[in-house]
$ cat coords.pdb   # PDB, C-alpha atoms
MODEL        1
ATOM      1  CA  MET B   1      76.541  22.373 -20.756
ATOM      2  CA  LYS B   2      74.551  21.012 -17.818
ATOM      3  CA  LYS B   3      73.078  24.450 -17.308
ATOM      4  CA  PHE B   4      72.086  24.648 -20.960
ATOM      5  CA  LEU B   5      70.501  21.182 -20.842
ATOM      6  CA  PHE B   6      68.604  22.049 -17.639
ATOM      7  CA  VAL B   7      67.242  25.273 -19.178
ATOM      8  CA  GLY B   8      66.250  23.408 -22.344
ATOM      9  CA  VAL B   9      64.324  20.747 -20.408
ATOM     10  CA  LEU B  10      62.669  23.454 -18.329
ATOM     11  CA  LEU B  11      61.608  25.403 -21.435
ATOM     12  CA  MET B  12      60.317  22.244 -23.105
ATOM     13  CA  GLY B  13      58.192  21.453 -19.987
ATOM     14  CA  LEU B  14      56.762  24.973 -19.931
ATOM     15  CA  PHE B  15      55.951  24.747 -23.640
ATOM     16  CA  LEU B  16      54.076  21.444 -23.160
ATOM     17  CA  LEU B  17      52.267  22.811 -20.132
ATOM     18  CA  ALA B  18      51.249  25.943 -22.010
ATOM     19  CA  GLY B  19      49.899  23.835 -24.880
ATOM     20  CA  SER B  20      47.458  22.054 -22.595
ATOM     21  CA  VAL B  21      46.185  25.348 -21.190
ATOM     22  CA  TYR B  22      45.029  26.340 -24.665
ATOM     23  CA  ALA B  23      43.221  23.020 -25.391
ATOM     24  CA  ALA B  24      39.849  23.182 -27.208
ATOM     25  CA  SER B  25      36.589  22.299 -25.443
ATOM     26  CA  ASP B  26      32.846  22.284 -26.131
ATOM     27  CA  ALA B  27      29.675  21.858 -23.998
ATOM     28  CA  GLN B  28      26.201  20.612 -24.901
ATOM     29  CA  PRO B  29      23.052  20.760 -22.729
ATOM     30  CA  LEU B  30      21.078  17.590 -21.920
ATOM     31  CA  THR B  31      17.432  17.643 -20.852
ATOM     32  CA  VAL B  32      16.326  14.782 -18.605
ATOM     33  CA  ASN B  33      12.604  13.875 -18.532
ATOM     34  CA  ALA B  34      10.901  11.298 -16.302
ATOM     35  CA  ALA B  35       7.247  10.209 -16.420
ATOM     36  CA  VAL B  36       5.928   9.891 -12.851
ATOM     37  CA  ASN B  37       2.159   9.398 -12.563
ATOM     38  CA  ALA B  38      -0.146   8.729  -9.640
ATOM     39  CA  ARG B  39      -0.025   5.059  -8.748
ATOM     40  CA  ALA B  40      -1.623   2.804  -6.114
ATOM     41  CA  LYS B  41      -0.828  -0.731  -5.001
ATOM     42  CA  LEU B  42      -2.655  -2.680  -2.285
ATOM     43  CA  THR B  43      -1.581  -6.030  -0.867
ATOM     44  CA  LEU B  44      -3.649  -8.081   1.574
ATOM     45  CA  GLU B  45      -1.847 -11.004   3.205
ATOM     46  CA  VAL B  46      -4.847 -13.307   2.618
ATOM     47  CA  SER B  47      -7.798 -13.228   0.244
ATOM     48  CA  THR B  48     -10.258 -15.187   2.407
ATOM     49  CA  VAL B  49     -11.204 -15.044   6.072
ATOM     50  CA  ASN B  50     -13.137 -17.786   7.851
ATOM     51  CA  PHE B  51     -15.241 -17.706  11.008
ATOM     52  CA  PRO B  52     -15.600 -21.024  12.848
ATOM     53  CA  ASP B  53     -18.850 -22.039  14.512
ATOM     54  CA  ALA B  54     -19.118 -21.129  18.199
ATOM     55  CA  ASP B  55     -21.662 -21.053  21.033
ATOM     56  CA  PRO B  56     -23.178 -17.531  21.149
ATOM     57  CA  ASP B  57     -23.405 -17.707  24.981
ATOM     58  CA  THR B  58     -19.660 -18.205  25.402
ATOM     59  CA  THR B  59     -18.393 -16.498  22.227
ATOM     60  CA  PRO B  60     -20.467 -13.412  21.381
ATOM     61  CA  SER B  61     -17.855 -12.266  18.845
ATOM     62  CA  ILE B  62     -16.059 -14.819  16.658
ATOM     63  CA  ALA B  63     -12.550 -13.916  15.504
ATOM     64  CA  ALA B  64     -11.525 -14.964  12.003
ATOM     65  CA  THR B  65      -9.069 -17.858  12.047
ATOM     66  CA  GLU B  66      -6.698 -15.805   9.821
ATOM     67  CA  ASN B  67      -6.399 -12.826  12.240
ATOM     68  CA  THR B  68      -4.351 -10.672  12.026
ATOM     69  CA  VAL B  69      -4.207  -9.882   8.319
ATOM     70  CA  ASP B  70      -1.231  -7.798   7.142
ATOM     71  CA  VAL B  71      -2.053  -4.891   4.812
ATOM     72  CA  ASP B  72       0.486  -3.077   2.623
ATOM     73  CA  VAL B  73      -0.442   0.201   0.916
ATOM     74  CA  LYS B  74       1.852   1.911  -1.608
ATOM     75  CA  VAL B  75       0.827   5.204  -3.206
ATOM     76  CA  ARG B  76       2.387   7.809  -5.425
ATOM     77  CA  THR B  77       0.390  11.024  -5.458
ATOM     78  CA  GLY B  78       0.712  14.774  -4.928
ATOM     79  CA  SER B  79       2.319  15.934  -1.683
ATOM     80  CA  SER B  80      -0.981  17.412  -0.464
ATOM     81  CA  SER B  81      -3.280  14.796  -2.077
ATOM     82  CA  THR B  82      -5.120  12.263   0.067
ATOM     83  CA  ALA B  83      -4.996   8.571  -0.796
ATOM     84  CA  THR B  84      -7.973   6.558   0.486
ATOM     85  CA  LEU B  85      -8.692   2.906   1.193
ATOM     86  CA  THR B  86     -12.344   1.830   1.217
ATOM     87  CA  HIS B  87     -14.206  -1.443   1.646
ATOM     88  CA  LEU B  88     -17.499  -2.546   0.066
ATOM     89  CA  ALA B  89     -19.199  -5.927   0.439
ATOM     90  CA  SER B  90     -21.055  -7.280  -2.576
ATOM     91  CA  ASP B  91     -23.940  -8.656  -0.510
ATOM     92  CA  ASP B  92     -24.923 -10.155   2.824
ATOM     93  CA  LEU B  93     -23.512 -13.504   3.975
ATOM     94  CA  LYS B  94     -25.646 -16.149   2.253
ATOM     95  CA  SER B  95     -26.157 -19.878   2.304
ATOM     96  CA  GLY B  96     -28.845 -20.739  -0.213
ATOM     97  CA  SER B  97     -31.880 -18.669   0.777
ATOM     98  CA  ASN B  98     -30.565 -18.097   4.321
ATOM     99  CA  THR B  99     -28.943 -14.750   5.137
ATOM    100  CA  ILE B 100     -26.764 -13.180   7.827
ATOM    101  CA  LEU B 101     -26.539  -9.400   7.451
ATOM    102  CA  ILE B 102     -23.039  -8.300   6.374
ATOM    103  CA  GLY B 103     -23.148  -5.551   9.017
ATOM    104  CA  ASN B 104     -22.475  -8.305  11.572
ATOM    105  CA  VAL B 105     -18.875  -8.451  10.266
ATOM    106  CA  THR B 106     -16.488  -5.822  11.623
ATOM    107  CA  TRP B 107     -12.744  -5.236  11.535
ATOM    108  CA  THR B 108     -10.247  -3.588  13.820
ATOM    109  CA  ALA B 109      -7.167  -1.855  12.454
ATOM    110  CA  SER B 110      -3.644  -1.043  13.524
ATOM    111  CA  GLY B 111      -1.042   1.081  11.771
ATOM    112  CA  THR B 112      -0.915   4.787  11.022
ATOM    113  CA  GLY B 113      -3.859   5.899   8.898
ATOM    114  CA  PHE B 114      -5.738   2.564   8.974
ATOM    115  CA  VAL B 115      -9.216   2.656  10.573
ATOM    116  CA  ALA B 116     -11.637   0.099  11.984
ATOM    117  CA  GLY B 117     -15.031  -0.402  10.396
ATOM    118  CA  THR B 118     -18.191  -2.377   9.805
ATOM    119  CA  MET B 119     -18.872  -4.098   6.493
ATOM    120  CA  ASN B 120     -21.608  -2.588   4.371
ATOM    121  CA  LYS B 121     -23.077  -3.695   1.042
ATOM    122  CA  THR B 122     -24.410  -0.319  -0.134
ATOM    123  CA  THR B 123     -21.918   2.339   0.979
ATOM    124  CA  PRO B 124     -18.124   2.032   0.761
ATOM    125  CA  GLN B 125     -16.630   2.179   4.258
ATOM    126  CA  SER B 126     -13.389   3.992   5.050
ATOM    127  CA  ALA B 127     -10.507   1.642   5.934
ATOM    128  CA  GLY B 128      -7.684   4.212   5.794
ATOM    129  CA  SER B 129      -6.372   7.497   4.450
ATOM    130  CA  TRP B 130      -2.949   9.126   4.021
ATOM    131  CA  THR B 131      -1.606  12.413   2.704
ATOM    132  CA  GLY B 132       1.142  12.297   0.090
ATOM    133  CA  SER B 133       3.173   9.480  -1.388
ATOM    134  CA  GLY B 134       4.655   6.585   0.542
ATOM    135  CA  GLN B 135       4.329   3.039   1.782
ATOM    136  CA  ARG B 136       2.176   2.231   4.817
ATOM    137  CA  THR B 137       1.733  -1.070   6.605
ATOM    138  CA  GLY B 138      -0.906  -2.144   9.068
ATOM    139  CA  THR B 139      -3.165  -5.002  10.071
ATOM    140  CA  PHE B 140      -6.868  -5.799  10.019
ATOM    141  CA  SER B 141      -8.597  -8.283  12.325
ATOM    142  CA  TYR B 142     -12.076  -9.513  11.419
ATOM    143  CA  PHE B 143     -14.948 -10.443  13.746
ATOM    144  CA  LEU B 144     -18.444 -11.858  13.299
ATOM    145  CA  ALA B 145     -21.105 -10.953  15.855
ATOM    146  CA  ASN B 146     -22.440 -14.336  17.004
ATOM    147  CA  SER B 147     -26.179 -14.864  17.528
ATOM    148  CA  TRP B 148     -28.730 -17.565  18.302
ATOM    149  CA  ASP B 149     -30.941 -15.897  15.666
ATOM    150  CA  TYR B 150     -28.815 -16.981  12.680
ATOM    151  CA  PRO B 151     -30.421 -19.699  10.557
ATOM    152  CA  GLY B 152     -28.570 -22.939  11.301
ATOM    153  CA  VAL B 153     -27.867 -24.789   8.091
ATOM    154  CA  ALA B 154     -25.517 -27.625   7.236
ATOM    155  CA  SER B 155     -23.403 -25.423   4.968
ATOM    156  CA  SER B 156     -21.368 -22.267   5.226
ATOM    157  CA  TYR B 157     -22.295 -18.675   4.559
ATOM    158  CA  SER B 158     -20.238 -16.536   2.205
ATOM    159  CA  ALA B 159     -20.038 -13.113   0.588
ATOM    160  CA  SER B 160     -17.404 -11.363  -1.480
ATOM    161  CA  SER B 161     -16.054  -7.921  -0.743
ATOM    162  CA  THR B 162     -13.566  -5.492  -2.211
ATOM    163  CA  TYR B 163     -10.990  -3.109  -0.818
ATOM    164  CA  THR B 164     -10.254  -0.175  -3.143
ATOM    165  CA  LEU B 165      -7.148   2.009  -2.857
ATOM    166  CA  THR B 166      -7.320   5.362  -4.647
ATOM    167  CA  ALA B 167      -4.427   7.780  -5.184
ATOM    168  CA  PRO B 168      -5.605  10.964  -6.942
TER
ENDMDL
END

$ encode --input "coords.pdb" --output "structure tokens"
Amino acid sequence: MKKFLFVGVLLMGLFLLAGSVYAASDAQPLTVNAAVNARAKLTLEVSTVNFPDADPDTTPSIAATENTVDVDVKVRTGSSSTATLTHLASDDLKSGSNTILIGNVTWTASGTGFVAGTMNKTTPQSAGSWTGSGQRTGTFSYFLANSWDYPGVASSYSASSTYTLTAP
């Protein structure tokens, strides 16, 4: 009787096991699409730099009080495409009718791909370039060539300028 019961349980287990082997199934394909376009994002730590007054004999180059300025560049582009960062001043430094040429303002650069330059109001100046996508960080430091020839006025000189990041 025990033998019969054992064989019956064994057969029942095999029957249940065999039933699961012949289970039905189906498969459906799924296509996954993602829109990924070229993109550029530029962040400058500050939006204004200031040069204090100084004696040209003792301070021939005036450092901006905000130095150093952190720069963050994020680009998404082709793996062999070159992203560029340029700078263009809108005009010379002006105070009323008095002018200091914008070419007297320069910057130094640190960080891979960032480059030093001189401000210009007619031709965009290179400030950096990188191949492919990624995030790059660096710094700029700004300097004004000091001179006794600048018109001394009781106000400050100013000019606006623009950095442009392009990711083709």

$ closest_residue --input "coords.pdb" --among "B:Gly96, B:Pro56, B:Gly103, B:Gly111" --to "B:Val69" --atoms "all atoms listed in the file"
B:Gly111

$ resolve_selection --input "coords.pdb" --expression "the PyMOL selection byres ((chain B and resi 151-159) around 6)" --output "JSON list (two decimals) with C-alpha atoms, in the frame of the given file"
[["chain", "number", "residue", "atom", "x", "y", "z"],
["B", 93, "LEU", "CA", -23.51, -13.50, 3.98],
["B", 94, "LYS", "CA", -25.65, -16.15, 2.25],
["B", 95, "SER", "CA", -26.16, -19.88, 2.30],
["B", 150, "TYR", "CA", -28.82, -16.98, 12.68],
["B", 160, "SER", "CA", -17.40, -11.36, -1.48]]

$ residues_around --input "coords.pdb" --residues "stretch 113-129 of chain B" --least-positions-apart "5" --cutoff "12 Å" --atoms "only C-alpha atoms" --output "short mmCIF file (atom, residue, chain, number, x, y, z; two decimals) with C-alpha atoms, keeping the file's coordinate frame"
data_model
loop_
_atom_site.label_atom_id
_atom_site.label_comp_id
_atom_site.auth_asym_id
_atom_site.auth_seq_id
_atom_site.Cartn_x
_atom_site.Cartn_y
_atom_site.Cartn_z
CA LEU B 42 -2.66 -2.68 -2.28
CA ASP B 70 -1.23 -7.80 7.14
CA VAL B 71 -2.05 -4.89 4.81
CA ASP B 72 0.49 -3.08 2.62
CA VAL B 73 -0.44 0.20 0.92
CA LYS B 74 1.85 1.91 -1.61
CA VAL B 75 0.83 5.20 -3.21
CA SER B 81 -3.28 14.80 -2.08
CA THR B 82 -5.12 12.26 0.07
CA ALA B 83 -5.00 8.57 -0.80
CA THR B 84 -7.97 6.56 0.49
CA LEU B 85 -8.69 2.91 1.19
CA THR B 86 -12.34 1.83 1.22
CA HIS B 87 -14.21 -1.44 1.65
CA LEU B 88 -17.50 -2.55 0.07
CA ALA B 89 -19.20 -5.93 0.44
CA SER B 90 -21.06 -7.28 -2.58
CA ASP B 91 -23.94 -8.66 -0.51
CA ASP B 92 -24.92 -10.15 2.82
CA LEU B 93 -23.51 -13.50 3.98
CA LEU B 101 -26.54 -9.40 7.45
CA ILE B 102 -23.04 -8.30 6.37
CA GLY B 103 -23.15 -5.55 9.02
CA ASN B 104 -22.48 -8.30 11.57
CA VAL B 105 -18.88 -8.45 10.27
CA THR B 106 -16.49 -5.82 11.62
CA TRP B 107 -12.74 -5.24 11.54
CA THR B 108 -10.25 -3.59 13.82
CA GLY B 134 4.66 6.58 0.54
CA GLN B 135 4.33 3.04 1.78
CA ARG B 136 2.18 2.23 4.82
CA THR B 137 1.73 -1.07 6.60
CA GLY B 138 -0.91 -2.14 9.07
CA THR B 139 -3.16 -5.00 10.07
CA PHE B 140 -6.87 -5.80 10.02
CA SER B 141 -8.60 -8.28 12.32
CA TYR B 142 -12.08 -9.51 11.42
CA PHE B 143 -14.95 -10.44 13.75
CA LEU B 144 -18.44 -11.86 13.30
CA ALA B 145 -21.10 -10.95 15.86
CA ALA B 159 -20.04 -13.11 0.59
CA SER B 160 -17.40 -11.36 -1.48
CA SER B 161 -16.05 -7.92 -0.74
CA THR B 162 -13.57 -5.49 -2.21
CA TYR B 163 -10.99 -3.11 -0.82
CA THR B 164 -10.25 -0.18 -3.14
CA LEU B 165 -7.15 2.01 -2.86
CA THR B 166 -7.32 5.36 -4.65
CA ALA B 167 -4.43 7.78 -5.18
CA PRO B 168 -5.60 10.96 -6.94
#

$ atom_distance --input "coords.pdb" --atom1 "atom CA of B:Thr65" --atom2 "atom CA of B:Trp148"
20.6 Å

$ atom_distance --input "coords.pdb" --atom1 "atom CA of B:Thr43" --atom2 "atom CA of B:Arg76"
15.1 Å

$ atom_distance --input "coords.pdb" --atom1 "atom CA of B:Leu30" --atom2 "atom CA of B:Ser133"
28.4 Å

$ residues_around --input "coords.pdb" --residues "B:Asp57" --least-positions-apart "4" --cutoff "10 Å" --atoms "all atoms listed in the file" --output "MDAnalysis selection string"
chainID B and resid 61 146:148

$ decode --input "coords.pdb" --residues "stretch 7-100 of chain B" --atoms "C-alpha atoms" --output "JSON list (two decimals), in the first residue's frame"
[["chain", "number", "residue", "atom", "x", "y", "z"],
["B", 7, "VAL", "CA", 4.18, 5.60, -6.97],
["B", 8, "GLY", "CA", 0.91, 7.54, -7.20],
["B", 9, "VAL", "CA", 2.44, 10.68, -5.66],
["B", 10, "LEU", "CA", 5.45, 10.33, -7.94],
["B", 11, "LEU", "CA", 3.25, 10.00, -11.04],
["B", 12, "MET", "CA", 1.12, 12.96, -9.98],
["B", 13, "GLY", "CA", 4.29, 15.11, -9.56],
["B", 14, "LEU", "CA", 5.56, 14.10, -12.99],
["B", 15, "PHE", "CA", 2.18, 14.90, -14.53],
["B", 16, "LEU", "CA", 2.15, 18.40, -12.97],
["B", 17, "LEU", "CA", 5.74, 18.98, -14.02],
["B", 18, "ALA", "CA", 5.00, 17.89, -17.57],
["B", 19, "GLY", "CA", 2.03, 20.26, -17.73],
["B", 20, "SER", "CA", 4.22, 23.27, -17.03],
["B", 21, "VAL", "CA", 6.67, 22.27, -19.75],
["B", 22, "TYR", "CA", 3.90, 22.60, -22.32],
["B", 23, "ALA", "CA", 2.72, 26.06, -21.11],
["B", 24, "ALA", "CA", 1.75, 28.64, -23.77],
["B", 25, "SER", "CA", 3.86, 31.76, -24.39],
["B", 26, "ASP", "CA", 3.98, 34.74, -26.75],
["B", 27, "ALA", "CA", 6.54, 37.50, -27.53],
["B", 28, "GLN", "CA", 6.08, 41.02, -28.89],
["B", 29, "PRO", "CA", 8.82, 43.42, -30.08],
["B", 30, "LEU", "CA", 9.16, 46.91, -28.56],
["B", 31, "THR", "CA", 10.94, 49.76, -30.33],
["B", 32, "VAL", "CA", 12.54, 52.37, -28.07],
["B", 33, "ASN", "CA", 13.14, 55.88, -29.50],
["B", 34, "ALA", "CA", 14.92, 58.78, -27.80],
["B", 35, "ALA", "CA", 15.28, 62.35, -29.12],
["B", 36, "VAL", "CA", 18.83, 63.57, -28.44],
["B", 37, "ASN", "CA", 19.76, 66.86, -30.13],
["B", 38, "ALA", "CA", 22.82, 69.08, -29.98],
["B", 39, "ARG", "CA", 22.67, 71.21, -26.86],
["B", 40, "ALA", "CA", 24.89, 73.84, -25.21],
["B", 41, "LYS", "CA", 24.85, 75.35, -21.73],
["B", 42, "LEU", "CA", 27.28, 77.98, -20.41],
["B", 43, "THR", "CA", 27.51, 79.16, -16.82],
["B", 44, "LEU", "CA", 29.70, 82.03, -15.65],
["B", 45, "GLU", "CA", 30.10, 82.38, -11.88],
["B", 46, "VAL", "CA", 29.56, 86.16, -12.07],
["B", 47, "SER", "CA", 27.96, 88.47, -14.61],
["B", 48, "THR", "CA", 30.00, 91.60, -13.83],
["B", 49, "VAL", "CA", 33.68, 92.24, -13.26],
["B", 50, "ASN", "CA", 35.04, 95.44, -11.72],
["B", 51, "PHE", "CA", 38.48, 97.04, -11.92],
["B", 52, "PRO", "CA", 39.41, 99.33, -9.03],
["B", 53, "ASP", "CA", 41.39, 102.52, -9.58],
["B", 54, "ALA", "CA", 45.16, 102.16, -9.18],
["B", 55, "ASP", "CA", 48.38, 104.12, -9.74],
["B", 56, "PRO", "CA", 49.73, 103.17, -13.21],
["B", 57, "ASP", "CA", 53.34, 103.44, -11.93],
["B", 58, "THR", "CA", 52.83, 100.77, -9.27],
["B", 59, "THR", "CA", 50.02, 98.75, -10.88],
["B", 60, "PRO", "CA", 50.46, 98.52, -14.66],
["B", 61, "SER", "CA", 47.83, 95.76, -14.87],
["B", 62, "ILE", "CA", 44.73, 95.90, -12.67],
["B", 63, "ALA", "CA", 43.15, 92.57, -11.72],
["B", 64, "ALA", "CA", 39.36, 92.42, -11.52],
["B", 65, "THR", "CA", 38.13, 92.23, -7.93],
["B", 66, "GLU", "CA", 36.08, 89.11, -8.85],
["B", 67, "ASN", "CA", 39.08, 87.05, -10.10],
["B", 68, "THR", "CA", 39.02, 84.11, -10.61],
["B", 69, "VAL", "CA", 35.70, 83.54, -12.36],
["B", 70, "ASP", "CA", 34.52, 79.91, -12.61],
["B", 71, "VAL", "CA", 33.26, 78.81, -16.04],
["B", 72, "ASP", "CA", 31.15, 75.70, -16.67],
["B", 73, "VAL", "CA", 30.59, 74.45, -20.23],
["B", 74, "LYS", "CA", 28.18, 71.60, -21.04],
["B", 75, "VAL", "CA", 27.75, 70.42, -24.63],
["B", 76, "ARG", "CA", 26.02, 67.61, -26.43],
["B", 77, "THR", "CA", 27.25, 67.23, -29.99],
["B", 78, "GLY", "CA", 28.66, 64.69, -32.43],
["B", 79, "SER", "CA", 31.69, 62.69, -31.30],
["B", 80, "SER", "CA", 33.91, 64.40, -33.89],
["B", 81, "SER", "CA", 32.19, 67.83, -33.78],
["B", 82, "THR", "CA", 33.92, 70.82, -32.22],
["B", 83, "ALA", "CA", 32.12, 72.97, -29.68],
["B", 84, "THR", "CA", 33.41, 76.55, -29.45],
["B", 85, "LEU", "CA", 33.27, 79.34, -26.89],
["B", 86, "THR", "CA", 33.77, 82.90, -28.16],
["B", 87, "HIS", "CA", 33.70, 86.36, -26.64],
["B", 88, "LEU", "CA", 32.61, 89.66, -28.22],
["B", 89, "ALA", "CA", 32.43, 93.06, -26.54],
["B", 90, "SER", "CA", 29.62, 95.37, -27.60],
["B", 91, "ASP", "CA", 31.80, 98.49, -27.53],
["B", 92, "ASP", "CA", 34.75, 100.16, -25.86],
["B", 93, "LEU", "CA", 34.67, 101.08, -22.16],
["B", 94, "LYS", "CA", 32.79, 104.39, -21.98],
["B", 95, "SER", "CA", 31.97, 107.07, -19.46],
["B", 96, "GLY", "CA", 29.93, 109.74, -21.20],
["B", 97, "SER", "CA", 32.04, 110.88, -24.15],
["B", 98, "ASN", "CA", 35.25, 109.47, -22.64],
["B", 99, "THR", "CA", 36.56, 106.14, -23.95],
["B", 100, "ILE", "CA", 39.06, 103.44, -22.97]]
